[in-house]
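> Contents of upload.txt (compact mmCIF, C-alpha atoms and all ligand atoms):
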```
# COMPACT_ATOMS: atom_id res chain seq x y z
CA MET U 1 -98.97 167.17 -54.99
CA ALA U 2 -97.53 168.67 -51.78
CA VAL U 3 -97.96 165.31 -50.01
CA LEU U 4 -96.17 163.48 -52.83
CA LEU U 5 -93.30 165.95 -52.64
CA LYS U 6 -93.08 165.41 -48.89
CA LEU U 7 -93.00 161.61 -49.33
CA LEU U 8 -90.18 161.89 -51.85
CA LEU U 9 -88.22 164.19 -49.54
CA ASP U 10 -88.65 161.77 -46.64
CA LEU U 11 -87.39 158.92 -48.80
CA PHE U 12 -84.26 160.80 -49.77
CA SER U 13 -83.63 162.16 -46.34
CA THR U 14 -80.79 160.36 -44.60
CA ALA U 15 -79.81 162.62 -41.73
CA LEU U 16 -79.70 160.98 -38.30
CA THR U 17 -81.41 163.56 -36.20
CA ASP U 18 -80.70 162.55 -32.65
CA ASN U 19 -76.96 163.14 -32.64
CA LEU U 20 -77.11 166.46 -34.40
CA VAL U 21 -79.50 168.53 -32.33
CA SER U 22 -78.20 171.97 -31.62
CA LYS U 23 -79.71 173.67 -28.58
CA VAL U 24 -79.85 177.43 -28.06
CA LYS U 25 -81.17 178.84 -24.79
CA VAL U 26 -83.05 182.12 -24.60
CA GLU U 27 -82.27 183.37 -21.09
CA LEU U 28 -85.25 185.27 -19.68
CA ALA U 29 -85.38 184.24 -15.99
CA GLU U 30 -88.52 182.13 -15.39
CA GLN U 31 -89.58 182.65 -19.03
CA SER U 32 -86.38 181.05 -20.42
CA TYR U 33 -86.78 178.47 -23.17
CA ASN U 34 -84.81 176.32 -25.57
CA ILE U 35 -84.62 176.43 -29.34
CA ASP U 36 -83.84 172.95 -30.71
CA ILE U 37 -82.52 172.75 -34.25
CA ALA U 38 -81.85 169.63 -36.33
CA ALA U 39 -82.61 168.31 -39.78
CA ASN U 40 -85.56 165.87 -39.56
CA LEU U 41 -86.32 166.80 -35.98
CA LEU U 42 -90.04 166.66 -36.81
CA ASN U 43 -89.65 163.00 -37.75
CA SER U 44 -87.83 162.10 -34.58
CA ASP U 45 -89.47 160.59 -31.49
CA SER U 46 -87.09 162.58 -29.31
CA SER U 47 -88.85 165.81 -30.23
CA ARG U 48 -91.84 164.69 -28.11
CA GLN U 49 -89.82 165.63 -25.01
CA LEU U 50 -89.46 169.17 -26.31
CA LEU U 51 -93.17 169.96 -26.01
CA PRO U 52 -94.89 171.06 -22.78
CA GLN U 53 -97.10 168.28 -21.41
CA SER U 54 -100.79 169.14 -21.85
CA LYS U 55 -104.10 167.34 -22.15
CA GLN U 56 -105.19 169.60 -25.00
CA TYR U 57 -103.20 170.77 -28.00
CA ALA U 58 -104.15 173.00 -30.92
CA ILE U 59 -102.08 173.23 -34.07
CA ILE U 60 -102.54 176.48 -35.98
CA SER U 61 -101.28 176.29 -39.55
CA ASN U 62 -102.35 176.86 -43.15
CA GLN U 63 -103.42 174.34 -45.81
CA LYS U 64 -100.07 174.33 -47.65
CA VAL U 65 -97.88 173.76 -44.60
CA ALA U 66 -100.38 171.38 -42.98
CA GLU U 67 -100.37 169.13 -46.07
CA LEU U 68 -96.60 168.88 -45.75
CA TYR U 69 -95.96 168.67 -42.01
CA LEU U 70 -99.14 168.22 -39.96
CA GLU U 71 -98.87 164.42 -39.84
CA SER U 72 -95.28 164.59 -38.53
CA VAL U 73 -96.26 167.01 -35.77
CA LYS U 74 -99.28 164.91 -34.81
CA LYS U 75 -96.95 161.95 -34.23
CA ILE U 76 -94.90 163.80 -31.64
CA LEU U 77 -97.90 164.75 -29.46
CA PRO U 78 -98.49 162.69 -26.30
CA GLU U 79 -100.77 159.71 -27.01
CA GLN U 80 -103.51 160.53 -24.50
CA SER U 81 -103.91 164.16 -25.53
CA SER U 82 -106.66 165.71 -27.65
CA LEU U 83 -105.92 167.76 -30.74
CA THR U 84 -107.75 170.62 -32.45
CA VAL U 85 -106.41 171.66 -35.85
CA CYS U 86 -107.12 175.23 -37.00
CA LEU U 87 -106.19 176.23 -40.53
CA ILE U 88 -106.00 179.86 -41.63
CA PRO U 89 -105.80 181.25 -45.18
CA ASP U 90 -102.22 181.42 -46.49
CA SER U 91 -101.89 185.19 -46.51
CA GLU U 92 -100.66 188.16 -44.50
CA THR U 93 -104.34 189.19 -44.32
CA SER U 94 -104.85 186.31 -41.87
CA LYS U 95 -103.14 188.41 -39.20
CA SER U 96 -106.53 190.11 -38.75
CA PRO U 97 -108.91 190.77 -35.84
CA GLU U 98 -111.46 188.54 -37.68
CA GLN U 99 -109.14 185.50 -37.86
CA TYR U 100 -108.02 186.12 -34.29
CA LEU U 101 -111.62 186.07 -33.04
CA ARG U 102 -112.46 183.03 -35.20
CA LEU U 103 -109.61 181.08 -33.58
CA MET U 104 -110.62 182.28 -30.10
CA ASP U 105 -114.19 181.08 -30.76
CA ILE U 106 -112.97 177.62 -31.75
CA LEU U 107 -110.58 177.23 -28.83
CA LEU U 108 -112.92 178.59 -26.17
CA LYS U 109 -115.74 176.33 -27.40
CA GLU U 110 -113.29 173.42 -27.03
CA ASN U 111 -112.64 174.54 -23.44
CA PHE U 112 -108.99 175.42 -23.94
CA ASN U 113 -107.48 176.77 -20.73
CA ARG U 114 -104.18 178.05 -19.36
CA SER U 115 -102.56 174.64 -19.30
CA SER U 116 -103.46 173.90 -22.94
CA THR U 117 -100.78 174.20 -25.61
CA ILE U 118 -100.99 176.03 -28.93
CA ILE U 119 -98.51 175.01 -31.60
CA ALA U 120 -97.76 177.45 -34.41
CA LEU U 121 -96.78 175.41 -37.47
CA GLY U 122 -95.78 177.59 -40.40
CA GLY U 123 -94.11 180.84 -41.39
CA GLY U 124 -94.16 184.17 -39.61
CA VAL U 125 -97.82 184.85 -40.39
CA VAL U 126 -98.96 181.71 -38.57
CA GLY U 127 -96.40 182.33 -35.78
CA ASP U 128 -97.46 185.92 -35.12
CA LEU U 129 -101.20 185.15 -35.13
CA ALA U 130 -100.97 181.91 -33.12
CA GLY U 131 -98.61 183.67 -30.70
CA PHE U 132 -101.12 186.45 -30.09
CA VAL U 133 -103.93 183.92 -29.62
CA ALA U 134 -101.80 182.00 -27.08
CA ALA U 135 -100.81 185.21 -25.30
CA THR U 136 -104.40 186.32 -24.79
CA LEU U 137 -106.35 183.07 -24.35
CA HIS U 138 -107.23 183.09 -20.64
CA ARG U 139 -104.42 185.69 -20.32
CA GLY U 140 -101.90 183.21 -21.66
CA CYS U 141 -101.57 179.49 -22.38
CA ASN U 142 -98.55 177.43 -23.52
CA LEU U 143 -97.11 178.34 -26.91
CA VAL U 144 -94.74 176.26 -29.06
CA GLN U 145 -93.29 177.63 -32.26
CA ILE U 146 -92.52 175.18 -35.07
CA PRO U 147 -91.34 177.60 -37.75
CA THR U 148 -91.13 176.28 -41.32
CA SER U 149 -90.02 179.31 -43.38
CA LEU U 150 -86.42 180.52 -43.20
CA LEU U 151 -87.54 183.94 -41.96
CA ALA U 152 -89.52 182.33 -39.15
CA GLN U 153 -86.65 179.96 -38.25
CA VAL U 154 -84.03 182.69 -37.94
CA ASP U 155 -86.17 185.55 -36.76
CA SER U 156 -89.90 185.67 -36.04
CA SER U 157 -90.23 182.49 -33.94
CA VAL U 158 -87.60 183.69 -31.47
CA GLY U 159 -88.04 186.63 -29.14
CA GLY U 160 -91.72 186.58 -28.33
CA LYS U 161 -93.11 189.30 -30.56
CA THR U 162 -96.72 188.45 -31.43
CA ALA U 163 -99.10 190.56 -33.47
CA ILE U 164 -102.04 191.00 -35.76
CA ASN U 165 -102.56 193.85 -38.21
CA HIS U 166 -105.05 196.71 -38.00
CA GLN U 167 -106.46 198.48 -41.04
CA THR U 168 -104.21 201.45 -40.24
CA GLY U 169 -101.01 199.40 -40.26
CA LYS U 170 -99.04 196.18 -39.78
CA ASN U 171 -98.46 194.59 -36.36
CA LEU U 172 -100.28 197.35 -34.50
CA ILE U 173 -102.12 195.00 -32.13
CA GLY U 174 -99.88 192.62 -30.23
CA CYS U 175 -97.69 191.93 -27.25
CA PHE U 176 -94.49 190.26 -26.15
CA TYR U 177 -95.20 186.66 -25.20
CA GLN U 178 -92.47 184.06 -25.01
CA PRO U 179 -93.01 180.50 -26.27
CA LYS U 180 -92.29 177.48 -24.06
CA ALA U 181 -90.20 175.93 -26.85
CA VAL U 182 -89.08 176.52 -30.42
CA VAL U 183 -88.56 173.40 -32.54
CA ILE U 184 -86.73 173.98 -35.82
CA ASP U 185 -86.36 171.39 -38.57
CA PRO U 186 -84.26 172.89 -41.41
CA ALA U 187 -85.35 170.00 -43.69
CA THR U 188 -88.71 171.79 -43.99
CA LEU U 189 -86.91 174.45 -46.03
CA LYS U 190 -86.65 172.03 -48.96
CA THR U 191 -90.30 172.66 -49.80
CA LEU U 192 -90.09 176.42 -49.37
CA ASP U 193 -90.43 178.58 -52.47
CA GLN U 194 -87.01 179.83 -53.69
CA ARG U 195 -88.02 183.49 -53.45
CA GLN U 196 -89.13 182.99 -49.84
CA PHE U 197 -85.83 181.26 -49.05
CA ALA U 198 -83.87 184.18 -50.52
CA ALA U 199 -85.97 186.65 -48.49
CA GLY U 200 -85.05 184.72 -45.33
CA MET U 201 -81.38 184.89 -46.35
CA ALA U 202 -81.60 188.69 -46.22
CA GLU U 203 -82.29 188.40 -42.47
CA VAL U 204 -79.41 185.92 -42.09
CA ILE U 205 -77.04 188.32 -43.86
CA LYS U 206 -78.35 191.11 -41.62
CA TYR U 207 -77.34 189.16 -38.49
CA ALA U 208 -73.90 188.47 -39.90
CA PHE U 209 -73.40 192.09 -40.74
CA ILE U 210 -74.56 193.78 -37.58
CA GLN U 211 -73.48 191.33 -34.97
CA ASP U 212 -70.59 189.13 -35.86
CA ASP U 213 -67.60 189.45 -38.20
CA THR U 214 -66.68 185.76 -37.91
CA PHE U 215 -70.19 184.77 -38.95
CA LEU U 216 -69.98 187.02 -42.03
CA GLN U 217 -66.79 185.25 -43.09
CA TRP U 218 -68.46 181.88 -42.42
CA LEU U 219 -71.45 182.87 -44.60
CA GLU U 220 -69.17 183.90 -47.45
CA ASP U 221 -67.28 180.61 -47.22
CA ASN U 222 -70.43 178.50 -46.99
CA ALA U 223 -72.70 180.37 -49.41
CA PRO U 224 -72.51 177.61 -52.09
CA ALA U 225 -73.35 174.90 -49.50
CA ILE U 226 -76.29 176.99 -48.26
CA LYS U 227 -77.58 177.38 -51.81
CA ALA U 228 -77.18 173.63 -52.30
CA PHE U 229 -79.29 172.94 -49.15
CA ASP U 230 -76.51 171.15 -47.31
CA MET U 231 -78.46 170.22 -44.15
CA PRO U 232 -75.70 170.36 -41.50
CA ILE U 233 -74.59 173.73 -42.88
CA LEU U 234 -78.16 175.06 -42.90
CA ALA U 235 -78.67 173.84 -39.33
CA GLU U 236 -75.43 175.56 -38.28
CA MET U 237 -76.46 178.78 -40.00
CA ILE U 238 -79.90 178.81 -38.33
CA SER U 239 -78.39 177.95 -34.99
CA HIS U 240 -75.95 180.83 -35.28
CA CYS U 241 -78.76 183.30 -36.13
CA CYS U 242 -80.85 182.02 -33.21
CA LYS U 243 -77.86 182.44 -30.87
CA ILE U 244 -77.47 186.05 -31.97
CA LYS U 245 -81.19 186.75 -31.62
CA ALA U 246 -81.33 184.94 -28.26
CA LEU U 247 -78.47 187.05 -26.91
CA VAL U 248 -80.06 190.28 -28.06
CA VAL U 249 -83.51 189.31 -26.75
CA SER U 250 -82.10 188.16 -23.41
CA ALA U 251 -80.39 191.53 -22.99
CA ASP U 252 -83.33 193.64 -24.20
CA GLU U 253 -86.60 191.69 -24.31
CA LYS U 254 -88.89 194.63 -25.07
CA GLU U 255 -86.72 196.49 -27.59
CA THR U 256 -85.86 199.47 -25.47
CA GLY U 257 -82.15 199.39 -26.33
CA GLN U 258 -79.82 197.00 -28.16
CA ARG U 259 -82.63 195.01 -29.84
CA VAL U 260 -83.32 197.99 -32.07
CA LEU U 261 -80.03 197.25 -33.90
CA LEU U 262 -81.75 194.21 -35.39
CA ASN U 263 -83.67 196.74 -37.47
CA PHE U 264 -80.63 197.39 -39.71
CA GLY U 265 -82.07 198.12 -43.18
CA HIS U 266 -85.63 198.01 -41.86
CA THR U 267 -86.51 201.73 -41.83
CA PHE U 268 -85.72 201.90 -45.56
CA GLY U 269 -87.19 198.40 -46.05
CA HIS U 270 -90.54 199.14 -44.41
CA ALA U 271 -90.92 202.25 -46.56
CA ILE U 272 -90.18 200.23 -49.73
CA GLU U 273 -92.69 197.53 -48.72
CA ASN U 274 -95.28 200.18 -47.97
CA VAL U 275 -94.87 202.23 -51.18
CA SER U 276 -94.96 199.13 -53.37
CA GLY U 277 -98.16 197.94 -51.64
CA TYR U 278 -97.71 195.17 -49.07
CA GLY U 279 -97.14 191.77 -50.66
CA LYS U 280 -95.45 192.89 -53.90
CA TRP U 281 -92.02 193.05 -52.30
CA LEU U 282 -91.30 190.41 -49.69
CA HIS U 283 -90.05 191.81 -46.40
CA GLY U 284 -86.56 190.32 -46.86
CA GLU U 285 -86.32 191.71 -50.40
CA ALA U 286 -87.08 195.21 -49.13
CA VAL U 287 -84.62 194.75 -46.25
CA SER U 288 -81.95 193.69 -48.77
CA VAL U 289 -82.07 197.08 -50.54
CA GLY U 290 -82.59 198.81 -47.19
CA MET U 291 -79.34 197.38 -45.81
CA LEU U 292 -77.47 198.52 -48.92
CA MET U 293 -78.94 202.02 -48.57
CA ALA U 294 -77.99 202.27 -44.88
CA SER U 295 -74.49 200.96 -45.65
CA LYS U 296 -73.97 203.35 -48.56
CA LEU U 297 -75.02 206.22 -46.29
CA ALA U 298 -72.48 205.00 -43.72
CA VAL U 299 -69.73 204.83 -46.39
CA ASP U 300 -70.59 208.27 -47.80
CA ASN U 301 -70.30 209.69 -44.29
CA GLN U 302 -66.97 208.00 -43.50
CA LEU U 303 -68.57 205.81 -40.87
CA MET U 304 -67.75 202.55 -42.66
CA ASP U 305 -65.04 201.30 -45.01
CA GLU U 306 -66.26 200.65 -48.58
CA GLN U 307 -64.94 197.07 -48.61
CA TYR U 308 -67.76 196.06 -46.22
CA LEU U 309 -70.39 197.55 -48.52
CA LYS U 310 -68.89 195.49 -51.36
CA ARG U 311 -69.05 192.31 -49.27
CA LEU U 312 -72.68 192.98 -48.36
CA HIS U 313 -73.52 193.66 -52.01
CA SER U 314 -71.92 190.43 -53.25
CA LEU U 315 -73.63 188.25 -50.63
CA LEU U 316 -77.07 189.74 -51.35
CA SER U 317 -76.48 189.40 -55.08
CA TYR U 318 -75.30 185.76 -54.66
CA PHE U 319 -78.65 184.92 -53.05
CA ASP U 320 -80.54 186.69 -55.87
CA LEU U 321 -81.85 189.46 -53.64
CA PRO U 322 -82.82 192.88 -55.07
CA LEU U 323 -80.06 195.50 -55.03
CA SER U 324 -82.00 198.56 -56.18
CA ILE U 325 -85.48 200.03 -56.60
CA SER U 326 -87.11 201.71 -59.59
CA THR U 327 -88.40 205.15 -60.51
CA ASP U 328 -91.91 203.93 -59.54
CA PHE U 329 -90.79 204.73 -56.00
CA SER U 330 -90.93 208.42 -55.16
CA SER U 331 -88.06 209.43 -52.89
CA VAL U 332 -90.21 212.08 -51.18
CA GLU U 333 -92.87 209.47 -50.39
CA LEU U 334 -90.26 206.99 -49.16
CA ILE U 335 -88.80 209.57 -46.80
CA SER U 336 -92.18 210.56 -45.38
CA LEU U 337 -92.87 206.88 -44.68
CA MET U 338 -89.47 206.47 -43.04
CA TYR U 339 -90.43 209.22 -40.58
CA ARG U 340 -93.51 207.18 -39.68
CA ASP U 341 -91.44 204.09 -38.82
CA LYS U 342 -92.07 203.01 -35.24
CA LYS U 343 -88.49 203.74 -34.13
CA ASN U 344 -88.88 207.42 -34.90
CA LEU U 345 -90.02 209.38 -31.91
CA ASN U 346 -90.74 213.13 -31.90
CA GLN U 347 -90.38 213.48 -35.67
CA LYS U 348 -86.69 212.54 -35.54
CA LEU U 349 -85.51 210.05 -38.15
CA GLN U 350 -83.38 207.34 -36.56
CA LEU U 351 -81.37 204.93 -38.69
CA VAL U 352 -79.30 201.90 -37.78
CA LEU U 353 -75.99 202.53 -39.54
CA PRO U 354 -73.17 199.97 -39.64
CA ARG U 355 -69.56 200.90 -38.87
CA ARG U 356 -68.12 197.48 -39.61
CA PRO U 357 -69.43 193.92 -39.31
CA GLY U 358 -70.08 193.44 -35.62
CA LEU U 359 -70.56 197.12 -34.85
CA SER U 360 -73.53 199.31 -35.73
CA GLU U 361 -75.29 202.22 -34.06
CA LEU U 362 -78.58 204.09 -33.98
CA VAL U 363 -78.07 207.53 -35.50
CA VAL U 364 -80.47 210.48 -35.59
CA TRP U 365 -80.44 211.53 -39.26
CA ARG U 366 -81.17 215.18 -40.13
CA ASP U 367 -79.79 215.67 -43.66
CA GLU U 368 -82.83 215.05 -45.88
CA SER U 369 -81.16 216.15 -49.11
CA ALA U 370 -78.47 213.46 -48.64
CA LEU U 371 -81.28 210.93 -48.23
CA ILE U 372 -83.00 212.07 -51.42
CA SER U 373 -79.72 211.77 -53.38
CA LEU U 374 -79.15 208.32 -51.89
CA LEU U 375 -82.61 207.07 -52.86
CA ILE U 376 -82.22 208.45 -56.40
CA GLU U 377 -78.82 206.73 -56.62
CA PHE U 378 -80.62 203.46 -55.84
CA GLY U 379 -83.08 204.06 -58.66
CA ALA U 380 -85.95 205.95 -57.00
CA GLY U 381 -87.72 208.77 -58.80
CA LYS U 382 -88.05 212.28 -57.31
N1 LIG E 401 -92.60 188.22 -34.59
C1 LIG E 401 -91.51 188.69 -35.12
O1 LIG E 401 -90.51 188.93 -34.44
C2 LIG E 401 -91.45 188.87 -36.60
C3 LIG E 401 -90.24 189.16 -37.23
C4 LIG E 401 -90.20 189.27 -38.60
C5 LIG E 401 -91.37 189.10 -39.36
N2 LIG E 401 -92.53 188.83 -38.71
C6 LIG E 401 -93.77 188.60 -39.46
O2 LIG E 401 -93.61 187.40 -40.20
C7 LIG E 401 -94.46 187.43 -41.35
C8 LIG E 401 -93.69 186.95 -42.55
O3 LIG E 401 -93.25 185.63 -42.29
P1 LIG E 401 -92.81 184.67 -43.49
O4 LIG E 401 -91.83 185.37 -44.34
O5 LIG E 401 -92.49 183.38 -42.90
O6 LIG E 401 -94.13 184.62 -44.39
P2 LIG E 401 -95.33 183.57 -44.41
O7 LIG E 401 -95.70 183.12 -43.08
O8 LIG E 401 -96.38 184.20 -45.27
O9 LIG E 401 -94.68 182.34 -45.19
C9 LIG E 401 -94.24 182.52 -46.52
C10 LIG E 401 -94.87 181.49 -47.46
O10 LIG E 401 -94.17 180.27 -47.30
C11 LIG E 401 -95.10 179.21 -47.04
N3 LIG E 401 -94.37 178.23 -46.27
C12 LIG E 401 -93.90 178.34 -45.00
N4 LIG E 401 -93.16 177.28 -44.70
C13 LIG E 401 -93.14 176.47 -45.78
C14 LIG E 401 -92.51 175.25 -46.09
N5 LIG E 401 -91.67 174.65 -45.25
N6 LIG E 401 -92.73 174.70 -47.31
C15 LIG E 401 -93.51 175.33 -48.23
N7 LIG E 401 -94.11 176.51 -48.00
C16 LIG E 401 -93.92 177.08 -46.79
C17 LIG E 401 -96.26 179.89 -46.36
O11 LIG E 401 -97.42 179.11 -46.44
C18 LIG E 401 -96.33 181.19 -47.17
O12 LIG E 401 -97.00 180.96 -48.38
C19 LIG E 401 -94.97 188.86 -41.46
O13 LIG E 401 -96.30 188.91 -41.04
C20 LIG E 401 -94.09 189.64 -40.50
O14 LIG E 401 -94.76 190.76 -39.94
C21 LIG E 401 -92.60 188.70 -37.35
```
Mind turning the file's structure into structure tokens?
Ligand SMILES: NC(=O)c1ccc[n+]([C@@H]2O[C@H](COP(=O)([O-])OP(=O)(O)OC[C@H]3O[C@@H](n4cnc5c(N)ncnc54)[C@H](O)[C@@H]3O)[C@@H](O)[C@H]2O)c1

Amino acid sequence: MAVLLKLLLDLFSTALTDNLVSKVKVELAEQSYNIDIAANLLNSDSSRQLLPQSKQYAIISNQKVAELYLESVKKILPEQSSLTVCLIPDSETSKSPEQYLRLMDILLKENFNRSSTIIALGGGVVGDLAGFVAATLHRGCNLVQIPTSLLAQVDSSVGGKTAINHQTGKNLIGCFYQPKAVVIDPATLKTLDQRQFAAGMAEVIKYAFIQDDTFLQWLEDNAPAIKAFDMPILAEMISHCCKIKALVVSADEKETGQRVLLNFGHTFGHAIENVSGYGKWLHGEAVSVGMLMASKLAVDNQLMDEQYLKRLHSLLSYFDLPLSISTDFSSVELISLMYRDKKNLNQKLQLVLPRRPGLSELVVWRDESALISLLIEFGAGK
């Protein structure tokens, strides 16, 4: 079924890739790399030049994504190279020590070494796990990210965060490890589930809101074209997000300063994901409500003008993202989880609060009763 869908999409696809490639550079001295973005890039011969030259390649993916895009990626590998394909179950639970060791076993038995290349083909789950494998195999081999979900294209494939989960929490085992290249084909989004696409849009809206007023206006103007999967517009949107992320990462690779602002809505969001049980709410869905909560707090405390909250609300609502939670969520439990968020050192709750599009700040928040009222206003129980 998935293969048939892919064939139909290829037939209807008319974009001429080569002229439309947008290139974003992540500046990190000798670890700098390019992000190439264009519709149908995976079906273009020119994408072969984007990969590091190796004798051995491994593609890490899952069954669903492999059925759709593995053949295209195989065609852009150098002819004389060998290929090992490793498929992982399509689930967040694949970011596990067991899957990590299984992949290591396969690659070490195949004699992969530092000059081999691992290609992550899939969403953020594949990207994070494959990234961690590449980072630690012989202390680091070449990594290429070919993200296929919107979240991975605008966020997780850029910046070098790699991780697996531990039974005590998400992303607790990992490191920063930059890829050699990121190759983004927005045409892959046509096969992505609508709910997953919307969840990725929450991250796009986040970028627009925290980093760039012009981009927010652009998103509002182009929202119908984005919903209609207009390829040049999607490519432009992804490219803009990657530029923002690249700038932030270049300035603060290890998240000791400015990069933390990318967590707008995430302290609330992580708590919502956690209380609901991971998997019920998608990350982007939780971030959607989280951004509204942080913005409402900013408005209530005269940090931000209400018109910006209204603009955020209408964009999130246009992309069918959740705008509230329910009484199943206990506000006391949410707050205790927010304190456990990784940004919060020494029992101080730190929140990214917006002042206006393009300007936000990290604030130490002490007024717990205001937080409880806010959560109840968004539908939470006591
Ligand atoms: N490294 C980072 O900086 C970073 C940032 C944000 C999130 N993450 C991580 O990313 C993960 C979430 O990523 P995600 O939202 O991409 O989830 P995901 O990887 O689970 O992908 C979502 C679903 O879409 C499917 N899919 C992906 N591309 C597809 C396509 N083109 N067509 C059809 N189906 C497709 C996947 O198989 C999966 O079922 C989490 O583990 C999170 O911790 C990492």
> Check the smallest atom-to-atom distance from each of U:Ser295, U:Ser61, U:Ser331, U:Gln99 to ligand LIG 401 (chain E) using all atoms listed in the file, then report the winner.
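That would be U:Ser61, the residue with the smallest distance to ligand LIG 401 (chain E).
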> What does the distance from CA of Ser32 (chain U) to CA of Pro179 (chain U) come to in Å, to one decimal?
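Answer for the CA of Ser32 (chain U) to CA of Pro179 (chain U) separation: 8.9 Å.
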> In Å to one decimal, how far is atom O13 of ligand LIG 401 (chain E) from CA of Cys175 (chain U)?
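Rounded to one decimal, the two atoms are 14.2 Å apart.
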> Can you tell me how far CA of Asp305 (chain U) sits from CA of Leu374 (chain U), in Å to one decimal?
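Pair CA of Asp305 (chain U) / CA of Leu374 (chain U) returns 17.2 Å.
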> Can you pull out the residues contacting Asn301 (chain U)? Cut-off 12 Å, using only C-alpha atoms, and skip same-chain residues under 3 positions away; I want them as a list of chain:residue names.
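Contacts, with the query itself left out: U:Ala294, U:Ser295, U:Lys296, U:Leu297, U:Ala298, U:Met304, U:Asp305, U:Glu306, U:Leu353, U:Pro354, U:Arg355, U:Val363, U:Trp365, U:Asp367, U:Ala370, U:Leu371, U:Leu374.
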> With distances taken over all atoms listed in the file, which of U:Val85, U:Ile37, U:Val352, U:Ala225 is nearest to Phe319 (chain U)?
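Looking only at the distances to Phe319 (chain U), the closest residue turns out to be U:Ala225.
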> Using all atoms listed in the file, find the one residue out of U:Ser360, U:Thr214, U:Thr188, U:Gln80 that sits nearest to Leu41 (chain U).
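Nearest candidate to Leu41 (chain U) out of U:Ser360, U:Thr214, U:Thr188, U:Gln80: U:Thr188.
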> Would you kindly return, as a count of residues only, each protein, DNA or RNA residue with an atom no farther than 12 Å from any atom of region 215-219 of chain U, considering all atoms listed in the file and excluding same-chain residues fewer than 2 positions away?
40
> Show me which residues line ligand LIG 401 (chain E), defined as having an atom within 6 Å of a ligand atom where all atoms listed in the file count, and present them as a list of chain:residue names.
U:Lys64, U:Val65, U:Asp90, U:Ser91, U:Glu92, U:Gly122, U:Gly123, U:Gly124, U:Val125, U:Val126, U:Asp128, U:Thr148, U:Ser149, U:Leu151, U:Ala152, U:Asp155, U:Ser156, U:Lys161, U:Thr162, U:Thr188, U:Leu189, U:Thr191, U:Leu192
> Which one of U:Ala235, U:Leu68, U:Ala163, U:Ala286 sits closest to Val21 (chain U) if you count only C-alpha atoms?
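Answer, going by the shortest atom-to-atom distance: U:Ala235.
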> Mind listing whatever residues come within 8 Å of the point (-99.1, 187.9, -31.4)? Use only C-alpha atoms, file coordinates, and give them as a PyMOL selection string.
chain U and resi 127-135+161-164+173-177
> Let me make sure I understand: among U:Leu121, U:Leu323, U:Ile59, U:Leu137, which one has the smallest atom-to-atom distance to Lys109 (chain U) if we use all atoms listed in the file?
U:Leu137
